[in-house]
Amino acid sequence: MVAAEDQESFFATAPPLGDAVAVAAELQEFIARNSSRSHPSEGGGRRRIVCVTSGGTTVPLEQRCVRYIDNFSSGHRGAASTEYFLKAGYAVIFIHRRGSCQPFCRFLPDDSFLNFFDITTESKVQVVESHTTVVKKAIGEYSKAIEGGSLLKLPFTTIFEYLQLLKMVATSMSSVGLHGMFYLAAAVSDFYVPWDSMAKHKIQSAGGPLDMKLSQVPKMLSVLRNQWAPLAFCVSFKLETDSEILIQKAETALNKYKMNVVVANLLATYKEEVIVVSNGERNTIRRCSKDEDLEEHTIKLLEKRHSKYIYSGADGCSKN
Ligand code: PAZ
């Protein structure tokens, strides 16, 4: 359990979200709209909402930030998973790192973006023939999600922004009796500099080597489970570099934070293989070729598990 004071002091001292009022209003409107729709799966019921987190959080070292510590994550897993959740009929709240990989844009390379276009006349630019299929598909699917109101994108950069957004989403869903799913693929900092003990200005190098003590970020998975979203279906991720400890760490997270599922992956193979760990079960999902998305299989499995959870009544809601 997180000491209540640690959690309270994290939020009390964190710099508030810049546009908290507007984000809260947008979020409430999204939740109300989607929860009044029906889910396309068998048996109907309310539309399912999943909160997908994606990308790495930063830890600023200075309040007027010049330097920061970052976490490994391109956001590809979160973006791909969002696409498959939308396909499965979920509405998705996509909490993502600014500038990280976005749903439906995974196949558009950012380093050679200009290679996609040709100038046809003085005033016209068009997508080059060889890329039209992929661009048309991306535009079509993205527009459908945005115009259909089933995708809400909320950006973060720092650990402070990320945890405030996660809390806001979880408590906004719970406050209307909606439990939904949390799919926590973001790579979240374990250590940080509390805002009130952080240097205000750029740290100067004239003073010699930097000696800095980092505090532990309160373990918010336990707060999510125990306070913000007690009945939600929670899926967390565990990334390790040592295969010897991966499963044991995933099982510890499963039990300690009462997650429904922990998806375990190794840095060396995370694009090829994940192990889905839940109470008494382990499923290894491997992709057969580079053209395949591991996330397609993972989301199919999670959708089934989520349905079972809902139909067992574990989310505390009636099935109709
Ligand atoms: O974002 P990405 O596709 O580059 O990487 C995904 C991942 C490895 C960050 C994700 O699968 C994951 O394990 N997230 C949790 C990381 C952690 O243990 O903090």
# chains A, B, ... in the order shown; residues from 1 in each chain; ligands from 1
call {"tool": "residues_near_ligand", "arguments": {"ligand": "ligand 1", "cutoff": "7 Å", "atoms": "only C-alpha atoms and all ligand atoms", "output": "list in words"}}
result
Ser54, Gly55, Phe72, Ser73, Ser74, Gly75, His76, Arg77, Gly78, Ala185, Ala186, Ala187, Val188, Phe237, Lys238, Leu239, Glu240, Ala264, Asn265, Leu267 and Tyr270 of chain A
call {"tool": "write_last_selection", "arguments": {"atoms": "all heavy atoms", "output": "short mmCIF file (atom, residue, chain, number, x, y, z; two decimals), in the first residue's frame"}}
result
data_model
loop_
_atom_site.label_atom_id
_atom_site.label_comp_id
_atom_site.auth_asym_id
_atom_site.auth_seq_id
_atom_site.Cartn_x
_atom_site.Cartn_y
_atom_site.Cartn_z
N SER A 54 0.49 5.48 -22.90
CA SER A 54 1.47 5.18 -23.94
C SER A 54 2.63 6.19 -23.93
O SER A 54 2.42 7.38 -23.75
CB SER A 54 0.73 5.28 -25.28
OG SER A 54 1.56 4.97 -26.35
N GLY A 55 3.85 5.66 -24.11
CA GLY A 55 5.02 6.55 -24.15
C GLY A 55 5.67 6.65 -22.78
O GLY A 55 5.14 6.15 -21.79
N PHE A 72 12.32 4.83 -21.48
CA PHE A 72 12.29 4.20 -22.81
C PHE A 72 10.85 3.86 -23.22
O PHE A 72 10.17 3.11 -22.54
CB PHE A 72 13.12 2.90 -22.76
CG PHE A 72 12.87 2.02 -23.93
CD1 PHE A 72 13.55 2.23 -25.12
CD2 PHE A 72 11.91 1.00 -23.88
CE1 PHE A 72 13.31 1.44 -26.22
CE2 PHE A 72 11.66 0.21 -24.98
CZ PHE A 72 12.36 0.42 -26.15
N SER A 73 10.39 4.41 -24.32
CA SER A 73 9.12 4.01 -24.95
C SER A 73 8.85 4.89 -26.16
O SER A 73 8.82 6.12 -26.04
CB SER A 73 7.95 4.13 -23.98
OG SER A 73 6.73 3.89 -24.65
N SER A 74 8.63 4.26 -27.32
CA SER A 74 8.34 5.04 -28.53
C SER A 74 6.85 5.36 -28.64
O SER A 74 6.43 6.19 -29.42
CB SER A 74 8.74 4.22 -29.76
OG SER A 74 7.90 3.07 -29.85
N GLY A 75 6.03 4.61 -27.85
CA GLY A 75 4.59 4.78 -27.94
C GLY A 75 3.95 3.89 -29.00
O GLY A 75 2.74 3.93 -29.22
N HIS A 76 4.76 3.06 -29.66
CA HIS A 76 4.22 2.19 -30.72
C HIS A 76 3.19 1.21 -30.17
O HIS A 76 2.12 1.02 -30.75
CB HIS A 76 5.37 1.43 -31.40
CG HIS A 76 4.93 0.67 -32.61
ND1 HIS A 76 4.34 -0.57 -32.50
CD2 HIS A 76 4.92 0.99 -33.93
CE1 HIS A 76 4.02 -0.98 -33.72
NE2 HIS A 76 4.36 -0.06 -34.59
N ARG A 77 3.52 0.59 -29.03
CA ARG A 77 2.60 -0.41 -28.46
C ARG A 77 1.25 0.22 -28.13
O ARG A 77 0.19 -0.34 -28.44
CB ARG A 77 3.22 -1.03 -27.21
CG ARG A 77 2.27 -1.93 -26.44
CD ARG A 77 2.94 -3.15 -25.92
NE ARG A 77 3.38 -4.02 -26.97
CZ ARG A 77 4.47 -4.81 -26.91
NH1 ARG A 77 5.23 -4.80 -25.85
NH2 ARG A 77 4.78 -5.59 -27.91
N GLY A 78 1.28 1.39 -27.50
CA GLY A 78 0.03 2.06 -27.12
C GLY A 78 -0.77 2.47 -28.34
O GLY A 78 -2.00 2.33 -28.37
N ALA A 185 0.34 0.82 -20.73
CA ALA A 185 1.56 0.46 -21.46
C ALA A 185 2.64 1.54 -21.35
O ALA A 185 3.76 1.33 -21.81
CB ALA A 185 1.23 0.21 -22.93
N ALA A 186 2.31 2.68 -20.74
CA ALA A 186 3.31 3.75 -20.63
C ALA A 186 4.47 3.30 -19.75
O ALA A 186 4.29 2.48 -18.85
CB ALA A 186 2.66 5.00 -20.02
N ALA A 187 5.65 3.84 -20.04
CA ALA A 187 6.82 3.55 -19.22
C ALA A 187 6.94 4.69 -18.21
O ALA A 187 7.28 5.82 -18.58
CB ALA A 187 8.06 3.45 -20.09
N VAL A 188 6.60 4.38 -16.97
CA VAL A 188 6.42 5.43 -15.96
C VAL A 188 7.64 5.49 -15.02
O VAL A 188 8.10 4.46 -14.53
CB VAL A 188 5.13 5.14 -15.15
CG1 VAL A 188 4.89 6.24 -14.11
CG2 VAL A 188 3.93 5.03 -16.09
N PHE A 237 1.73 -3.31 -17.49
CA PHE A 237 2.85 -3.89 -18.24
C PHE A 237 4.08 -3.96 -17.35
O PHE A 237 4.27 -3.12 -16.47
CB PHE A 237 3.17 -3.04 -19.48
CG PHE A 237 2.30 -3.36 -20.66
CD1 PHE A 237 0.97 -3.00 -20.66
CD2 PHE A 237 2.80 -4.04 -21.75
CE1 PHE A 237 0.14 -3.31 -21.74
CE2 PHE A 237 2.00 -4.36 -22.83
CZ PHE A 237 0.67 -3.99 -22.83
N LYS A 238 4.89 -4.96 -17.59
CA LYS A 238 6.15 -5.09 -16.86
C LYS A 238 7.26 -5.30 -17.88
O LYS A 238 7.25 -6.27 -18.63
CB LYS A 238 6.02 -6.28 -15.90
CG LYS A 238 7.23 -6.62 -15.10
CD LYS A 238 7.75 -5.50 -14.24
CE LYS A 238 6.96 -5.12 -13.03
NZ LYS A 238 7.47 -3.91 -12.36
N LEU A 239 8.18 -4.35 -17.92
CA LEU A 239 9.34 -4.46 -18.82
C LEU A 239 10.58 -4.75 -17.99
O LEU A 239 10.83 -4.06 -17.00
CB LEU A 239 9.55 -3.13 -19.57
CG LEU A 239 10.77 -3.08 -20.50
CD1 LEU A 239 10.59 -3.96 -21.73
CD2 LEU A 239 11.07 -1.64 -20.94
N GLU A 240 11.31 -5.78 -18.37
CA GLU A 240 12.57 -6.10 -17.69
C GLU A 240 13.64 -6.36 -18.73
O GLU A 240 13.35 -6.57 -19.92
CB GLU A 240 12.42 -7.33 -16.78
CG GLU A 240 11.55 -7.11 -15.55
CD GLU A 240 12.09 -6.10 -14.55
OE1 GLU A 240 13.31 -5.82 -14.58
OE2 GLU A 240 11.29 -5.55 -13.76
N ALA A 264 3.91 -9.16 -19.56
CA ALA A 264 5.34 -9.13 -19.29
C ALA A 264 6.10 -9.13 -20.60
O ALA A 264 5.76 -9.87 -21.53
CB ALA A 264 5.71 -10.36 -18.46
N ASN A 265 7.13 -8.27 -20.69
CA ASN A 265 7.97 -8.28 -21.89
C ASN A 265 9.41 -7.92 -21.55
O ASN A 265 9.70 -7.27 -20.56
CB ASN A 265 7.42 -7.39 -23.02
CG ASN A 265 7.04 -5.97 -22.65
OD1 ASN A 265 6.57 -5.21 -23.48
ND2 ASN A 265 7.23 -5.55 -21.41
N LEU A 267 13.09 -6.27 -22.85
CA LEU A 267 13.57 -5.22 -23.75
C LEU A 267 14.09 -5.81 -25.07
O LEU A 267 13.82 -5.29 -26.15
CB LEU A 267 14.68 -4.41 -23.06
CG LEU A 267 15.21 -3.23 -23.83
CD1 LEU A 267 14.13 -2.18 -24.05
CD2 LEU A 267 16.39 -2.59 -23.11
N TYR A 270 10.68 -7.35 -26.97
CA TYR A 270 9.31 -6.89 -26.71
C TYR A 270 8.47 -6.71 -27.96
O TYR A 270 7.24 -6.74 -27.89
CB TYR A 270 9.32 -5.61 -25.86
CG TYR A 270 9.67 -4.36 -26.61
CD1 TYR A 270 8.66 -3.50 -27.06
CD2 TYR A 270 10.99 -4.01 -26.89
CE1 TYR A 270 8.97 -2.35 -27.76
CE2 TYR A 270 11.30 -2.86 -27.59
CZ TYR A 270 10.28 -2.04 -28.03
OH TYR A 270 10.59 -0.91 -28.73
#
call {"tool": "residues_around", "arguments": {"residues": "Lys219 in chain A", "least_positions_apart": "4", "cutoff": "12 Å", "atoms": "only C-alpha atoms", "output": "PyMOL selection string"}}
result
chain A and resi 1-4+6-7+10+163+188-191+215+223-226+253+256-257
call {"tool": "residues_around", "arguments": {"residues": "Phe233 in chain A", "least_positions_apart": "6", "cutoff": "8 Å", "atoms": "only C-alpha atoms", "output": "short mmCIF file (atom, residue, chain, number, x, y, z; two decimals) with C-alpha atoms, in the first residue's frame"}}
result
data_model
loop_
_atom_site.label_atom_id
_atom_site.label_comp_id
_atom_site.auth_asym_id
_atom_site.auth_seq_id
_atom_site.Cartn_x
_atom_site.Cartn_y
_atom_site.Cartn_z
CA HIS A 179 -15.49 0.92 -14.54
CA GLY A 180 -13.99 0.22 -17.94
CA MET A 181 -10.51 -1.03 -18.65
CA PHE A 182 -7.08 0.45 -17.92
CA MET A 259 -4.17 -6.26 -11.39
CA ASN A 260 -6.41 -8.48 -13.53
CA HIS A 306 -12.72 -8.40 -20.14
CA TYR A 309 -15.03 -10.24 -16.16
CA ASP A 315 -17.32 -5.04 -12.40
#
call {"tool": "residues_around", "arguments": {"residues": "Phe104 in chain A", "least_positions_apart": "6", "cutoff": "12 Å", "atoms": "only C-alpha atoms", "output": "MDAnalysis selection string"}}
result
chainID A and resid 76 78:84 86:87 134:146 151
call {"tool": "atom_distance", "arguments": {"atom1": "CA of Ala314 in chain A", "atom2": "CA of Thr53 in chain A"}}
result
23.2 Å
call {"tool": "select_by_dssp", "arguments": {"residues": "range 50-256 of chain A", "states": "strand (DSSP E or B)", "output": "ChimeraX atom specification"}}
result
/A:50-54,56,58-60,62,68-69,91-97,117-121,124-127,151-156,158,181-184,187,191-192,199,215-216,233-240
call {"tool": "write_last_selection", "arguments": {"atoms": "C-alpha atoms", "output": "CSV table (one decimal), in the first residue's frame"}}
result
chain,number,residue,atom,x,y,z
A,50,VAL,CA,-10.6,1.7,-22.2
A,51,CYS,CA,-7.9,4.1,-21.0
A,52,VAL,CA,-4.7,3.3,-22.9
A,53,THR,CA,-1.5,4.9,-21.6
A,54,SER,CA,1.5,5.2,-23.9
A,56,GLY,CA,7.5,7.4,-21.5
A,58,THR,CA,10.0,12.5,-18.1
A,59,VAL,CA,11.4,13.6,-14.8
A,60,PRO,CA,12.4,17.3,-14.9
A,62,GLU,CA,14.8,22.0,-13.1
A,68,TYR,CA,15.3,15.8,-17.7
A,69,ILE,CA,15.5,12.0,-17.2
A,91,ALA,CA,-14.1,3.9,-27.0
A,92,VAL,CA,-10.5,4.9,-26.2
A,93,ILE,CA,-9.0,7.5,-24.0
A,94,PHE,CA,-5.4,7.7,-25.2
A,95,ILE,CA,-3.1,9.2,-22.6
A,96,HIS,CA,0.1,9.6,-24.5
A,97,ARG,CA,3.5,11.3,-24.4
A,117,PHE,CA,4.6,14.2,-51.3
A,118,ASP,CA,5.0,15.6,-54.8
A,119,ILE,CA,4.4,19.1,-56.0
A,120,THR,CA,2.1,18.7,-59.0
A,121,THR,CA,1.4,22.3,-59.9
A,124,LYS,CA,-1.0,21.8,-55.4
A,125,VAL,CA,0.8,19.1,-53.4
A,126,GLN,CA,-0.2,15.4,-53.6
A,127,VAL,CA,0.8,12.1,-52.0
A,151,LEU,CA,-11.1,8.5,-29.5
A,152,LEU,CA,-10.0,11.1,-27.0
A,153,LYS,CA,-6.3,12.0,-27.0
A,154,LEU,CA,-4.7,13.5,-23.8
A,155,PRO,CA,-1.0,14.4,-24.0
A,156,PHE,CA,1.6,14.5,-21.2
A,158,THR,CA,6.2,14.8,-17.3
A,181,MET,CA,-10.5,-1.0,-18.6
A,182,PHE,CA,-7.1,0.4,-17.9
A,183,TYR,CA,-4.3,-0.7,-20.3
A,184,LEU,CA,-1.2,0.8,-18.8
A,187,ALA,CA,6.8,3.5,-19.2
A,191,PHE,CA,12.2,8.0,-9.3
A,192,TYR,CA,11.7,11.8,-9.4
A,199,ALA,CA,16.2,23.7,-8.7
A,215,SER,CA,12.7,10.3,-4.4
A,216,GLN,CA,10.6,7.3,-5.2
A,233,PHE,CA,-10.4,-4.3,-15.4
A,234,CYS,CA,-6.7,-3.4,-15.0
A,235,VAL,CA,-3.9,-4.5,-17.3
A,236,SER,CA,-0.4,-3.3,-16.4
A,237,PHE,CA,2.9,-3.9,-18.2
A,238,LYS,CA,6.1,-5.1,-16.9
A,239,LEU,CA,9.3,-4.5,-18.8
A,240,GLU,CA,12.6,-6.1,-17.7
call {"tool": "select_by_dssp", "arguments": {"residues": "range 21-117 of chain A", "states": "helix (DSSP H, G or I)", "output": "ChimeraX atom specification"}}
result
/A:21-35,76-87,113-116
call {"tool": "closest_residue", "arguments": {"among": "A:Ala229, A:Leu108, A:Val276, A:Leu302", "to": "Gly177 in chain A", "atoms": "only C-alpha atoms"}}
result
A:Ala229
call {"tool": "closest_residue", "arguments": {"among": "A:Val263, A:Ile299, A:Ile31, A:Leu178", "to": "Thr284 in chain A", "atoms": "only C-alpha atoms"}}
result
A:Val263
call {"tool": "atom_distance", "arguments": {"atom1": "CA of Val217 in chain A", "atom2": "CA of Pro194 in chain A"}}
result
9.0 Å
call {"tool": "decode", "arguments": {"residues": "range 125-137 of chain A", "atoms": "all heavy atoms", "output": "compact mmCIF listing (two decimals), in the first residue's frame"}}
result
# COMPACT_ATOMS: atom_id res chain seq x y z
N VAL A 125 -0.11 20.09 -53.91
CA VAL A 125 0.81 19.05 -53.44
C VAL A 125 0.00 17.77 -53.33
O VAL A 125 -1.14 17.81 -52.88
CB VAL A 125 1.37 19.45 -52.05
CG1 VAL A 125 2.14 18.31 -51.43
CG2 VAL A 125 2.26 20.68 -52.14
N GLN A 126 0.54 16.66 -53.76
CA GLN A 126 -0.22 15.41 -53.56
C GLN A 126 0.68 14.29 -53.06
O GLN A 126 1.91 14.36 -53.17
CB GLN A 126 -0.95 15.00 -54.84
CG GLN A 126 -0.04 14.49 -55.93
CD GLN A 126 -0.83 14.03 -57.15
OE1 GLN A 126 -1.92 14.54 -57.42
NE2 GLN A 126 -0.30 13.07 -57.86
N VAL A 127 0.03 13.26 -52.48
CA VAL A 127 0.77 12.11 -51.97
C VAL A 127 1.28 11.32 -53.17
O VAL A 127 0.54 11.12 -54.14
CB VAL A 127 -0.16 11.23 -51.11
CG1 VAL A 127 0.54 9.94 -50.69
CG2 VAL A 127 -0.64 12.00 -49.89
N VAL A 128 2.54 10.88 -53.11
CA VAL A 128 3.07 10.13 -54.26
C VAL A 128 2.33 8.80 -54.38
O VAL A 128 1.93 8.20 -53.38
CB VAL A 128 4.61 9.88 -54.15
CG1 VAL A 128 5.39 11.16 -54.27
CG2 VAL A 128 4.96 9.14 -52.89
N GLU A 129 2.18 8.36 -55.62
CA GLU A 129 1.37 7.19 -55.95
C GLU A 129 1.68 5.97 -55.05
O GLU A 129 0.78 5.32 -54.52
CB GLU A 129 1.63 6.83 -57.42
CG GLU A 129 0.83 5.65 -57.90
CD GLU A 129 -0.22 6.05 -58.92
OE1 GLU A 129 0.00 7.05 -59.62
OE2 GLU A 129 -1.23 5.35 -58.99
N SER A 130 2.96 5.69 -54.85
CA SER A 130 3.34 4.47 -54.13
C SER A 130 2.87 4.48 -52.67
O SER A 130 2.84 3.44 -52.02
CB SER A 130 4.85 4.29 -54.18
OG SER A 130 5.48 5.46 -53.74
N HIS A 131 2.55 5.67 -52.13
CA HIS A 131 2.13 5.74 -50.72
C HIS A 131 0.64 6.01 -50.54
O HIS A 131 0.17 6.11 -49.41
CB HIS A 131 2.93 6.82 -49.99
CG HIS A 131 4.39 6.49 -49.85
ND1 HIS A 131 4.84 5.33 -49.28
CD2 HIS A 131 5.49 7.17 -50.22
CE1 HIS A 131 6.16 5.31 -49.30
NE2 HIS A 131 6.59 6.41 -49.87
N THR A 132 -0.11 6.16 -51.65
CA THR A 132 -1.51 6.58 -51.49
C THR A 132 -2.34 5.56 -50.71
O THR A 132 -3.16 5.94 -49.87
CB THR A 132 -2.22 6.83 -52.85
OG1 THR A 132 -1.88 5.76 -53.71
CG2 THR A 132 -1.87 8.16 -53.43
N THR A 133 -2.11 4.27 -50.92
CA THR A 133 -2.95 3.27 -50.25
C THR A 133 -2.81 3.39 -48.74
O THR A 133 -3.80 3.47 -48.01
CB THR A 133 -2.53 1.84 -50.71
OG1 THR A 133 -2.42 1.88 -52.11
CG2 THR A 133 -3.51 0.80 -50.27
N VAL A 134 -1.56 3.47 -48.28
CA VAL A 134 -1.34 3.50 -46.84
C VAL A 134 -1.85 4.81 -46.22
O VAL A 134 -2.47 4.82 -45.15
CB VAL A 134 0.16 3.19 -46.51
CG1 VAL A 134 1.09 4.30 -46.91
CG2 VAL A 134 0.37 2.88 -45.06
N VAL A 135 -1.67 5.93 -46.95
CA VAL A 135 -2.14 7.22 -46.42
C VAL A 135 -3.67 7.27 -46.40
O VAL A 135 -4.28 7.70 -45.40
CB VAL A 135 -1.55 8.40 -47.23
CG1 VAL A 135 -2.17 9.73 -46.81
CG2 VAL A 135 -0.04 8.45 -47.06
N LYS A 136 -4.31 6.77 -47.48
CA LYS A 136 -5.78 6.79 -47.53
C LYS A 136 -6.38 5.97 -46.39
O LYS A 136 -7.34 6.37 -45.75
CB LYS A 136 -6.26 6.21 -48.87
CG LYS A 136 -6.57 7.28 -49.89
CD LYS A 136 -6.85 6.68 -51.21
CE LYS A 136 -8.30 6.70 -51.59
NZ LYS A 136 -8.47 6.27 -52.99
N LYS A 137 -5.76 4.81 -46.15
CA LYS A 137 -6.25 3.92 -45.09
C LYS A 137 -6.13 4.62 -43.73
O LYS A 137 -7.06 4.63 -42.93
CB LYS A 137 -5.42 2.63 -45.11
CG LYS A 137 -5.91 1.56 -44.18
CD LYS A 137 -5.26 0.21 -44.53
CE LYS A 137 -5.70 -0.88 -43.60
NZ LYS A 137 -4.98 -0.93 -42.35
